[in-house]
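S.K.: Next up is a structure, given as structure tokens.
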Amino acid sequence: MADLVLLQCELEHRHQAPHLAMCLFARDLIDAGHRVRCALVHPGAIAEAAAWAEGSDLLILDSIFPFGLVRRLQDATGLPVLVGGHNALQHALRGPAEFAITGPGRKALSAFVEAWPDGDFGTVPGLWFERDGVLDCGPTPPIQRPADEVLPFDPVLDWDYFGPPRAPGSNLRVPSVVAEFGCVWNRSTAEEPFYADVLARVPERAMTARAEADLRARFVQKEGGCTFCTFRYTPLAGHRSERGTELLLEQARVLLAAGARGLSLQTEHPVPWIPRLLEALAGEGLVEQLDELHVRTIPWLVLKHAAALRDCIELCEELGVHLVVGQIGFEAFDERSLAIFHKGLSSEENRAAARMLTELTEQHEGFTGTAGHGLIPFHPWTRPEDLLENIAAVRADAPWLLPDLQPGRRLELYNEWTPLFWKAQDEGLLVESPETFGWGWTFADERTGEVVAVARALVNEAPERTASLGADVLEALARLRLSEEDPEARRAAYMRLRAQVASGRFGRQGAPVG
């Protein structure tokens with residue numbers, strides 16, 4: 001019997017339920033006779049979590065933990081670490097963890113724990129590990145459909161928590177139900193002129209021939225979708241509607257019986273599944289227990305299925321369920337950045353999707369479509385002109401994204417087998433970042449680097465941060481950088497802006513940022 005500790009990193013969403021996968025992993029390990037403890041950990045409470053985990057045999061972490069936090073846990077506990085999740089391979093390539101599991105993890109994790117005392121790691125599907133400085137891996141994991149990973153469904157939902165105060169009952173605050181894996185947007189970047197001269201490559205790392213072949217086949221040659229995303233090599237996989245509906249219903253029964261009042265539907269293409277799930281719950285008399293349903297999707301799917309989404313909203317209103325459309329990756333509203341991100345739509349289409357969600361939110365009390373979405377104001381090739389275009393679009397069509405227009409909102413390089421990474425590497429824009437996920441980047445346009453550096457200093461000196469402060473400061477600085485070529489004149493202007501921001505006399509008045 002092993003003494004195992006499962007930890008999840010709560011970078012932002014400390015009022016949310018633990019990730020479903022590790023809840024199911026915990027149950028499997030308990031049923032196999034192991035002692036298992038589970039906790040959510042805020043970065044500010046690493047020391048407390050480490051003290052709590054002392055005396056165990058192994059730390060099992062999700063791949064949201066940046067390398068720096070993994071290292072702190074290792075140093076504080078002296079324990080070996082296994083990482084699993086969508087970014088686990090990057091942990092194996094560059095991070096301090098001793099083990100990583102890529103791909104379907106439920107059977108793999110149980111197999112690893114059984115093999116761990118004897119060190120027979122080469123038989124565990126999807127496992128990555130190092131021997132004498134050389135990276136190796138187990139067999140390629142088999143393709144799994146959702147039911148293969150979800151069933152039997154008996155998740156461990158009683159997790160401890162280390163961090164700032166959070167709402168009571170957060171462990172059951174909108175837990176997930178899984179409909180599908182992967183992403184419907186899985187198109188190669190081959191048609192993007194920006195990447196015309198970029199060649200696919202395996203990361204520069206000492207590894208066995210087996211590991212290189214696996215990495216190349218499962219990741220490098222599978223590239224598709226948004227160029228920064230860890231889902232981009234995973235095509236959509238699920239069940240036919242009847243079997244999929246029953247799978248959702250089986251999960252919902254358990255979670256509602258445990259006390260959940262909301263559910264988060266896990267699929268990038270949720271609109272067809274919403275009526276199936278709600279009608280199935282209504283048929284069993286369970287829909288009355290459901291207060292809210294959260295879904296995520298893609299901007300062009302919002303437009304393509306606009307009529308069906310309206311039907312879903314009306315159905316939810318009839319059943320008394322509040323529908324929340326969140327986690328939509330708008331990312332940018334200028335054509336250049338959308339092409340670099342390979343979002344698959346135009347700026348006007350992105351703006352139309354944002355306007356539509358605003359209108360639906362205003363028209364329906366039982367619908368929220370303007371919260372929790374994604375925006376990436378800065379990437380290695382952002383120009384001041386692109387920044388101004390994005391700020392104008394957000395002000396006009398998505399003002400609820402204004403708080404995300406901050407100088408520190410930069411693209412994170414989660415892995416190194418995407419065209420975006422390769423392009424930045426070719427242009428010498430990468431910098432090592434051992435505290436995050438191995439790599440950071442610098443701006444190709446020095447004008448943008450100057451704007452961002454000054455904006456950070458100014459925003460940090462503001463006595464109060466309004467919703468639009470970041471956008472206001474960035475807009476003023478970008479216009480100044482484009483209009484004034486003399487460095488000394490710019491410096492004097494920056495100092496005047498600094499005084500205005502520090503005194504609270506700068507910018508448009510917006511609601512305080514929470």
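Residue numbering restarts at 1 in every chain; chains get A, B, ... in the order shown in the structure tokens, and ligands count up from 1 in that same order.
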Write out as a PyMOL selection string each polymer residue whose atoms come within 6 Å of Cys226 (chain A), counting only C-alpha atoms; drop sequence neighbours fewer than 6 positions from it.
M.R.: chain A and resi 341-343
S.K.: List as a list in words the protein and nucleic acid residues near region 380-383 of chain A, meaning an atom at most 6 Å away when only C-alpha atoms are counted, but skip any in the same chain fewer than 4 places from it.
M.R.: Thr442, Phe443, Ala444 and Thr448 of chain A
S.K.: Tell me, as a ChimeraX atom specification, which residues lie within 7 Å of region 307-324 of chain A, counting only C-alpha atoms; anything in the same chain fewer than 4 positions away does not count.
M.R.: /A:271,274-275,290-295,366-369
S.K.: I'd like the neighbourhood of Leu24 (chain A) as a list in words, where a residue qualifies if any of its atoms comes within 9 Å (using only C-alpha atoms), though same-chain residues fewer than 6 positions away should be ignored.
M.R.: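 Contacts, with the query itself left out: Arg106, Glu149, Val150, Leu151, Pro152, Phe153, Asp154, Pro155 and Val156 of chain A.
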S.K.: Deliver the residues from the most recent selection as a file, using N, CA and C atoms, as an mmCIF file, in the first residue's frame.
M.R.:
data_model
loop_
_atom_site.group_PDB
_atom_site.id
_atom_site.type_symbol
_atom_site.label_atom_id
_atom_site.label_comp_id
_atom_site.auth_asym_id
_atom_site.auth_seq_id
_atom_site.Cartn_x
_atom_site.Cartn_y
_atom_site.Cartn_z
ATOM 1 N N ARG A 106 -6.316 7.467 -16.569
ATOM 2 C CA ARG A 106 -6.935 6.720 -15.469
ATOM 3 C C ARG A 106 -6.278 5.352 -15.274
ATOM 4 N N GLU A 149 -12.711 6.553 -19.793
ATOM 5 C CA GLU A 149 -12.054 7.288 -18.725
ATOM 6 C C GLU A 149 -13.009 7.657 -17.594
ATOM 7 N N VAL A 150 -14.287 7.823 -17.901
ATOM 8 C CA VAL A 150 -15.245 8.332 -16.918
ATOM 9 C C VAL A 150 -15.865 7.223 -16.069
ATOM 10 N N LEU A 151 -16.099 6.074 -16.661
ATOM 11 C CA LEU A 151 -16.774 4.991 -15.941
ATOM 12 C C LEU A 151 -15.775 3.992 -15.373
ATOM 13 N N PRO A 152 -16.007 3.434 -14.198
ATOM 14 C CA PRO A 152 -17.132 3.719 -13.308
ATOM 15 C C PRO A 152 -17.025 5.114 -12.705
ATOM 16 N N PHE A 153 -18.177 5.735 -12.453
ATOM 17 C CA PHE A 153 -18.214 7.130 -12.029
ATOM 18 C C PHE A 153 -18.552 7.223 -10.546
ATOM 19 N N ASP A 154 -17.506 7.344 -9.748
ATOM 20 C CA ASP A 154 -17.679 7.498 -8.299
ATOM 21 C C ASP A 154 -16.581 8.433 -7.801
ATOM 22 N N PRO A 155 -16.619 9.712 -8.194
ATOM 23 C CA PRO A 155 -15.507 10.636 -7.895
ATOM 24 C C PRO A 155 -15.392 10.958 -6.415
ATOM 25 N N VAL A 156 -14.148 11.163 -5.982
ATOM 26 C CA VAL A 156 -13.885 11.649 -4.620
ATOM 27 C C VAL A 156 -13.987 13.178 -4.665
#
S.K.: Please identify all polymer residues within 9 Å of Val454 (chain A), counting only C-alpha atoms, omitting same-chain residues fewer than 5 positions from it, and present them as a short mmCIF file (atom, residue, chain, number, x, y, z; two decimals) with C-alpha atoms, in the first residue's frame.
M.R.:
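Done, and the output landed in result_24.cif:
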data_model
loop_
_atom_site.label_atom_id
_atom_site.label_comp_id
_atom_site.auth_asym_id
_atom_site.auth_seq_id
_atom_site.Cartn_x
_atom_site.Cartn_y
_atom_site.Cartn_z
CA PRO A 407 0.19 44.96 -19.79
CA GLY A 449 8.19 46.22 -25.63
CA VAL A 459 -0.61 50.74 -13.74
CA LEU A 474 -2.01 51.08 -23.06
CA LEU A 477 1.12 54.89 -24.63
CA TYR A 494 5.70 59.29 -19.98
#
S.K.: So that I can see what lies close to region 72-81 of chain A, please list as a PDB file with C-alpha atoms, in the first residue's frame the residues with an atom at most 9 Å from it, counting only C-alpha atoms and leaving out residues fewer than 5 positions away in the same chain.
M.R.:
ATOM      1  CA  ILE A  46       2.633  25.968  -1.048  1.00  0.00           C
ATOM      2  CA  ALA A  47       4.405  25.777   2.324  1.00  0.00           C
ATOM      3  CA  ALA A  49       0.411  22.120   1.538  1.00  0.00           C
ATOM      4  CA  ALA A  50       3.946  20.749   1.686  1.00  0.00           C
ATOM      5  CA  ALA A  51       3.803  20.417   5.468  1.00  0.00           C
ATOM      6  CA  ALA A  53       1.878  16.201   2.568  1.00  0.00           C
ATOM      7  CA  GLU A  54       4.917  15.205   4.653  1.00  0.00           C
ATOM      8  CA  GLY A  55       5.173  11.509   5.407  1.00  0.00           C
ATOM      9  CA  SER A  56       3.590  10.395   2.130  1.00  0.00           C
ATOM     10  CA  ASP A  57       5.354   8.394  -0.583  1.00  0.00           C
ATOM     11  CA  LEU A  58       4.519  10.264  -3.785  1.00  0.00           C
ATOM     12  CA  LEU A  59       3.077  13.606  -4.919  1.00  0.00           C
ATOM     13  CA  ILE A  60       0.678  13.437  -7.886  1.00  0.00           C
ATOM     14  CA  LEU A  61       0.124  16.879  -9.434  1.00  0.00           C
ATOM     15  CA  PHE A  67       7.808  24.379 -12.764  1.00  0.00           C
ATOM     16  CA  PRO A  96      11.732  19.069 -12.403  1.00  0.00           C
ATOM     17  CA  ALA A  97       9.112  16.307 -11.957  1.00  0.00           C
ATOM     18  CA  GLU A  98      10.484  12.765 -12.091  1.00  0.00           C
ATOM     19  CA  PHE A  99       7.477  11.313 -13.953  1.00  0.00           C
ATOM     20  CA  ALA A 100       4.731  12.498 -16.300  1.00  0.00           C
TER      21      ALA A 100
END
S.K.: One decimal, Å: what's the distance from CA of Thr466 (chain A) over to CA of Pro403 (chain A), could you say?
M.R.: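 Interatomic distance here is 8.1 Å.
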S.K.: List the neighbours of region 422-429 of chain A out to 10 Å using only C-alpha atoms; skip same-chain residues closer than 5 positions along the sequence, and give me the result as a PyMOL selection string.
M.R.: chain A and resi 194-203+379-381+416-417+440-444
S.K.: Take the residues from that selection and put them in a file with N, CA and C atoms, as a short mmCIF file (atom, residue, chain, number, x, y, z; two decimals), in the first residue's frame.
M.R.:
data_model
loop_
_atom_site.label_atom_id
_atom_site.label_comp_id
_atom_site.auth_asym_id
_atom_site.auth_seq_id
_atom_site.Cartn_x
_atom_site.Cartn_y
_atom_site.Cartn_z
N PHE A 194 1.73 33.18 -42.45
CA PHE A 194 2.67 33.56 -41.39
C PHE A 194 3.62 32.42 -41.06
N TYR A 195 3.16 31.18 -41.24
CA TYR A 195 3.97 30.01 -40.89
C TYR A 195 4.51 29.28 -42.12
N ALA A 196 4.53 29.95 -43.26
CA ALA A 196 4.90 29.28 -44.51
C ALA A 196 6.30 28.69 -44.47
N ASP A 197 7.24 29.34 -43.79
CA ASP A 197 8.62 28.89 -43.79
C ASP A 197 9.00 28.12 -42.52
N VAL A 198 8.02 27.79 -41.69
CA VAL A 198 8.30 27.11 -40.43
C VAL A 198 8.30 25.60 -40.64
N LEU A 199 9.34 24.96 -40.17
CA LEU A 199 9.46 23.50 -40.28
C LEU A 199 9.17 22.85 -38.94
N ALA A 200 8.38 21.78 -38.98
CA ALA A 200 8.08 21.03 -37.76
C ALA A 200 9.36 20.39 -37.23
N ARG A 201 9.44 20.26 -35.90
CA ARG A 201 10.66 19.70 -35.31
C ARG A 201 10.37 19.12 -33.93
N VAL A 202 11.20 18.18 -33.55
CA VAL A 202 11.15 17.61 -32.21
C VAL A 202 11.97 18.49 -31.28
N PRO A 203 11.52 18.72 -30.05
CA PRO A 203 12.32 19.53 -29.12
C PRO A 203 13.74 19.01 -28.95
N HIS A 379 1.42 38.94 -27.83
CA HIS A 379 2.18 37.78 -28.29
C HIS A 379 3.49 38.30 -28.86
N PRO A 380 4.42 37.45 -29.26
CA PRO A 380 5.74 37.96 -29.66
C PRO A 380 5.74 38.95 -30.82
N TRP A 381 4.68 38.94 -31.65
CA TRP A 381 4.68 39.80 -32.84
C TRP A 381 3.66 40.94 -32.75
N GLU A 416 6.30 23.21 -26.55
CA GLU A 416 7.26 23.58 -27.59
C GLU A 416 7.17 22.71 -28.82
N TRP A 417 5.95 22.34 -29.19
CA TRP A 417 5.78 21.59 -30.44
C TRP A 417 4.61 22.17 -31.24
N GLY A 440 9.98 31.58 -22.15
CA GLY A 440 9.27 32.84 -22.30
C GLY A 440 9.65 33.43 -23.64
N TRP A 441 9.32 34.69 -23.86
CA TRP A 441 9.61 35.29 -25.16
C TRP A 441 9.76 36.81 -25.03
N THR A 442 10.36 37.41 -26.04
CA THR A 442 10.48 38.86 -26.13
C THR A 442 9.73 39.35 -27.36
N PHE A 443 9.45 40.65 -27.40
CA PHE A 443 8.73 41.22 -28.55
C PHE A 443 9.65 41.38 -29.75
N ALA A 444 9.14 41.03 -30.93
CA ALA A 444 9.88 41.30 -32.16
C ALA A 444 9.91 42.79 -32.46
#
S.K.: Considering only C-alpha atoms, can you say which of A:Gln90, A:Ser503, A:Thr245, A:Thr370 comes closest to Leu278 (chain A)?
M.R.: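 When distances to Leu278 (chain A) are compared using only C-alpha atoms, the smallest one comes from A:Thr245.
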S.K.: When DSSP works through the backbone of this structure, what residues of region 121-339 of chain A end up as strand (DSSP E), shown as a PyMOL selection string?
M.R.: chain A and resi 127-131+134-137+160-162+176-178+180-181+237-238+262-266+292-295+322-325+329-331
S.K.: Mind dumping the selected residues with N, CA and C atoms as a short mmCIF file (atom, residue, chain, number, x, y, z; two decimals), in the first residue's frame?
M.R.:
data_model
loop_
_atom_site.label_atom_id
_atom_site.label_comp_id
_atom_site.auth_asym_id
_atom_site.auth_seq_id
_atom_site.Cartn_x
_atom_site.Cartn_y
_atom_site.Cartn_z
N LEU A 127 3.53 6.90 -19.97
CA LEU A 127 4.42 7.39 -18.92
C LEU A 127 5.75 7.87 -19.52
N TRP A 128 6.22 9.04 -19.04
CA TRP A 128 7.51 9.60 -19.44
C TRP A 128 8.39 9.71 -18.21
N PHE A 129 9.66 9.35 -18.37
CA PHE A 129 10.59 9.35 -17.25
C PHE A 129 12.01 9.47 -17.78
N GLU A 130 12.94 9.75 -16.89
CA GLU A 130 14.32 9.98 -17.30
C GLU A 130 15.22 8.91 -16.69
N ARG A 131 16.17 8.44 -17.49
CA ARG A 131 17.19 7.51 -17.01
C ARG A 131 18.55 8.01 -17.47
N VAL A 134 18.58 10.77 -19.96
CA VAL A 134 17.93 10.53 -21.25
C VAL A 134 16.44 10.29 -21.02
N LEU A 135 15.60 11.00 -21.75
CA LEU A 135 14.15 10.89 -21.61
C LEU A 135 13.65 9.65 -22.32
N ASP A 136 12.79 8.90 -21.65
CA ASP A 136 12.22 7.68 -22.22
C ASP A 136 10.72 7.69 -21.95
N CYS A 137 10.02 6.74 -22.56
CA CYS A 137 8.57 6.68 -22.35
C CYS A 137 8.09 5.24 -22.47
N ASP A 160 -9.37 18.73 0.53
CA ASP A 160 -8.89 19.81 1.39
C ASP A 160 -8.51 21.01 0.54
N TYR A 161 -8.24 22.13 1.20
CA TYR A 161 -7.90 23.36 0.46
C TYR A 161 -6.88 24.17 1.24
N PHE A 162 -5.88 24.70 0.52
CA PHE A 162 -4.87 25.58 1.10
C PHE A 162 -4.81 26.86 0.27
N SER A 176 -17.75 19.12 -13.14
CA SER A 176 -17.82 18.81 -14.56
C SER A 176 -18.55 17.50 -14.85
N VAL A 177 -19.20 17.49 -16.01
CA VAL A 177 -19.66 16.25 -16.64
C VAL A 177 -19.07 16.22 -18.04
N VAL A 178 -18.56 15.07 -18.46
CA VAL A 178 -17.79 14.97 -19.70
C VAL A 178 -18.65 14.40 -20.82
N GLU A 180 -17.37 14.91 -24.34
CA GLU A 180 -16.42 14.59 -25.41
C GLU A 180 -15.01 14.99 -24.98
N PHE A 181 -14.02 14.42 -25.68
CA PHE A 181 -12.63 14.82 -25.51
C PHE A 181 -12.18 15.57 -26.75
N ALA A 237 -13.39 13.57 -29.93
CA ALA A 237 -13.73 12.16 -29.81
C ALA A 237 -14.84 12.01 -28.79
N GLY A 238 -15.88 11.30 -29.16
CA GLY A 238 -17.00 11.10 -28.25
C GLY A 238 -17.83 9.91 -28.66
N GLY A 262 -25.01 23.03 -9.73
CA GLY A 262 -24.64 23.44 -11.07
C GLY A 262 -23.75 22.39 -11.70
N LEU A 263 -23.69 22.36 -13.04
CA LEU A 263 -22.84 21.43 -13.76
C LEU A 263 -22.11 22.19 -14.86
N SER A 264 -20.90 21.73 -15.18
CA SER A 264 -20.11 22.29 -16.27
C SER A 264 -19.96 21.22 -17.35
N LEU A 265 -20.52 21.47 -18.51
CA LEU A 265 -20.54 20.50 -19.60
C LEU A 265 -19.23 20.57 -20.38
N GLN A 266 -18.45 19.50 -20.35
CA GLN A 266 -17.12 19.50 -20.96
C GLN A 266 -17.15 18.99 -22.39
N GLU A 292 -27.84 25.91 -12.46
CA GLU A 292 -27.07 26.52 -13.54
C GLU A 292 -26.30 25.47 -14.33
N LEU A 293 -26.13 25.75 -15.61
CA LEU A 293 -25.36 24.88 -16.51
C LEU A 293 -24.33 25.75 -17.21
N HIS A 294 -23.04 25.39 -17.07
CA HIS A 294 -21.95 26.13 -17.69
C HIS A 294 -21.43 25.37 -18.91
N VAL A 295 -21.18 26.10 -19.99
CA VAL A 295 -20.62 25.50 -21.19
C VAL A 295 -19.52 26.41 -21.73
N HIS A 322 -30.17 28.39 -15.22
CA HIS A 322 -29.41 29.53 -15.75
C HIS A 322 -28.27 28.99 -16.61
N LEU A 323 -28.22 29.40 -17.86
CA LEU A 323 -27.19 28.95 -18.80
C LEU A 323 -26.07 29.98 -18.85
N VAL A 324 -24.84 29.50 -18.66
CA VAL A 324 -23.65 30.36 -18.69
C VAL A 324 -22.72 29.88 -19.80
N VAL A 325 -22.48 30.73 -20.78
CA VAL A 325 -21.50 30.44 -21.83
C VAL A 325 -20.22 31.18 -21.47
N GLY A 329 -12.63 31.46 -26.29
CA GLY A 329 -11.33 32.05 -26.59
C GLY A 329 -11.41 33.06 -27.71
N PHE A 330 -11.80 34.29 -27.40
CA PHE A 330 -11.77 35.34 -28.42
C PHE A 330 -10.32 35.66 -28.77
N GLU A 331 -9.47 35.78 -27.79
CA GLU A 331 -8.02 35.98 -27.88
C GLU A 331 -7.61 37.32 -28.48
#
S.K.: Would you please work out which residue, of A:Ala393, A:Ala398, A:Gly326, A:Ile30, is nearest to Glu359 (chain A) when using only C-alpha atoms?
M.R.: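 Closest to Glu359 (chain A) of all the choices is A:Ala398.
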S.K.: Where in region 322-356 of chain A does DSSP assign alpha helix (DSSP H), given as a list in words?
M.R.: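 Matching residues for alpha helix (DSSP H) in region 322-356 of chain A are Glu335, Arg336, Ser337, Leu338, Ala339, Ile340, Phe341, Ser347, Glu348, Glu349, Asn350, Arg351, Ala352, Ala353, Ala354, Arg355 and Met356 of chain A.
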S.K.: Could the residues in this selection be saved with C-alpha atoms as a PDB file, in the first residue's frame?
M.R.:
ATOM      1  CA  GLU A 335      -6.714  40.080 -38.317  1.00  0.00           C
ATOM      2  CA  ARG A 336      -2.969  39.710 -37.826  1.00  0.00           C
ATOM      3  CA  SER A 337      -3.181  38.215 -34.341  1.00  0.00           C
ATOM      4  CA  LEU A 338      -6.100  35.954 -35.282  1.00  0.00           C
ATOM      5  CA  ALA A 339      -3.968  34.531 -38.104  1.00  0.00           C
ATOM      6  CA  ILE A 340      -0.965  34.079 -35.790  1.00  0.00           C
ATOM      7  CA  PHE A 341      -3.204  32.266 -33.310  1.00  0.00           C
ATOM      8  CA  SER A 347     -11.963  39.954 -36.936  1.00  0.00           C
ATOM      9  CA  GLU A 348     -15.494  40.913 -37.932  1.00  0.00           C
ATOM     10  CA  GLU A 349     -16.758  37.397 -37.189  1.00  0.00           C
ATOM     11  CA  ASN A 350     -15.081  37.484 -33.783  1.00  0.00           C
ATOM     12  CA  ARG A 351     -16.656  40.862 -33.069  1.00  0.00           C
ATOM     13  CA  ALA A 352     -20.049  39.635 -34.270  1.00  0.00           C
ATOM     14  CA  ALA A 353     -19.871  36.692 -31.850  1.00  0.00           C
ATOM     15  CA  ALA A 354     -19.064  39.080 -28.987  1.00  0.00           C
ATOM     16  CA  ARG A 355     -21.959  41.390 -29.917  1.00  0.00           C
ATOM     17  CA  MET A 356     -24.320  38.435 -30.129  1.00  0.00           C
TER      18      MET A 356
END
S.K.: Of the residues A:Ala493, A:Ala206, A:Leu248, A:Ile143, which is the one nearest to Ala280 (chain A), using only C-alpha atoms?
M.R.: A:Leu248
S.K.: State, in Å with one decimal place, the distance from CA of Arg490 (chain A) to CA of Arg410 (chain A).
M.R.: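 The value is 24.1 Å.
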